[in-house]
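Colleague: The structure's right below; bear with me while I get my questions together.
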Amino acid sequence: MVRHLTLLDWMIHFGWVKDHAGIEGNEMADTLAKEAAQDEDKQNIVYDRIPTTTAATELKKEGIIKWQRKWERTVKRALCRSFFPAVQQRLKLKLPITSEFTAMVTGHGKTESYLHRFKLMESLTCPGNEGAQTPEHLIYGCKILEVQRSSLKQNIRGGGGSWPTTNSELVAKHIDAFSRFVKSIDFNKIAMDRWTQNFKQQVFQ
């Protein structure tokens with residue numbers, strides 16, 4: 001009814017009037033309200049509709065729940081999942097879009113362990129000879145990055161965090177400090193150190 005009147009260019013005003021005062025329009029409205037309350041068909045017409053925005057919000061929530069289930073069940077992407085265990089939290093984060101940061105949180109690119117998988121490097125060992133050069137090795141243990149890691153620790157502790165921390169906390173609670181750490185890594189220099197090390201071994205053997 002309201003829509004119909006609106007299409008007819010009616011201007012509708014709502015205001016309070018005293019009940020049962022003999023006002024014709026008020027008495028009619030009271031009668032119609034009682035009829036609507038007793039008529040289930042009319043109730044369905046009036047009350048079974050929800051705003052489009054509400055429907056969209058509910059669909060989005062349902063989609064995220066399904067996404068989360070699939071994310072938890074996947075047998076791959078373990079490293080990435082360790083940084084982003086919750087889909088909804090990841091969607092709220094503003095992350096730096098760089099090849100270095102992507103390589104660190106996904107394990108794809110830059111590190112020697114990744115390049116070795118595709119036969120682009122002879123060895124997956126870090127130039128410091130401390131084990132495979134993985135993102136987690138670079139973050140938590142690589143001796144080549146002791147200075148950068150010291151700065152990362154200081155920033156995290158200064159922000160109320162503790163060390164060692166977890167991958168998920170690095171992005172959820174310390175994203176600025178972690179981003180600076182990743183940005184400070186000179187992957188080209190590390191690769192050059194590896195080349196130099198291999199060259200020396202070949203010369204002095």
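Every chain in the structure tokens has a letter given in the order shown (A, B, ...), and although residue numbers restart at 1 in each chain, ligands are simply numbered from 1 in the order shown.
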Extract, using only C-alpha atoms, all DNA, RNA and protein residues at most 8 Å from Glu100 in chain A, discarding same-chain residues fewer than 2 positions from it, and format them as a list in words.
Modeller: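 Neighbouring residues, sequence-local ones excluded: Thr98, Thr102, Ala103, Met104, Lys110, Val182 and Lys183 of chain A.
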Colleague: Tell me which protein, DNA and RNA residues are within 12 Å of range 139-148 of chain A, counting only C-alpha atoms, leaving out same-chain ones fewer than 5 positions away, and put them as a count of residues only.
Modeller: 39
Colleague: Take CA of Leu93 in chain A and CA of Glu112 in chain A and report the distance between them in Å, one decimal.
Modeller: 27.9 Å
Colleague: Would you mind reading off the distance between CA of Lys70 in chain A and CA of Val87 in chain A, one decimal, in Å?
Modeller: 10.2 Å
Colleague: Can you measure CA of Ser162 in chain A to CA of Pro135 in chain A for me? One decimal in Å is fine.
Modeller: 19.6 Å
Colleague: Taking a cut-off of 12 Å and counting only C-alpha atoms, can you build a table that, for each residue of range 88-138 of chain A near range 54-64 of chain A, reports the nearest atom pair and how far apart they are in Å (one decimal), sorted by chain then residue number, as a Markdown table?
Modeller:
| residue | atom | partner | partner_atom | distance |
| --- | --- | --- | --- | --- |
| A:Gln88 | CA | A:Ile64 | CA | 6.7 |
| A:Gln89 | CA | A:Ile64 | CA | 10.5 |
| A:Arg90 | CA | A:Ile64 | CA | 11.0 |
| A:Leu91 | CA | A:Ile64 | CA | 9.7 |
Colleague: Please return as JSON, numbers by chain: the residues of range 7-166 of chain A that backbone DSSP assigns to alpha helix (DSSP H).
Modeller: {"A": [7, 24, 25, 26, 27, 28, 29, 30, 31, 32, 33, 34, 35, 36, 37, 38, 40, 41, 42, 43, 44, 45, 46, 47, 52, 53, 54, 55, 56, 57, 58, 59, 60, 61, 62, 63, 64, 65, 66, 67, 68, 69, 70, 71, 72, 73, 78, 79, 80, 81, 82, 83, 87, 88, 89, 90, 91, 92, 99, 100, 101, 102, 103, 104, 105, 106, 112, 113, 114, 115, 116, 117, 135, 136, 137, 138, 139, 140, 146, 147, 148, 149, 150, 151, 152, 153, 154, 155, 156, 157, 158]}
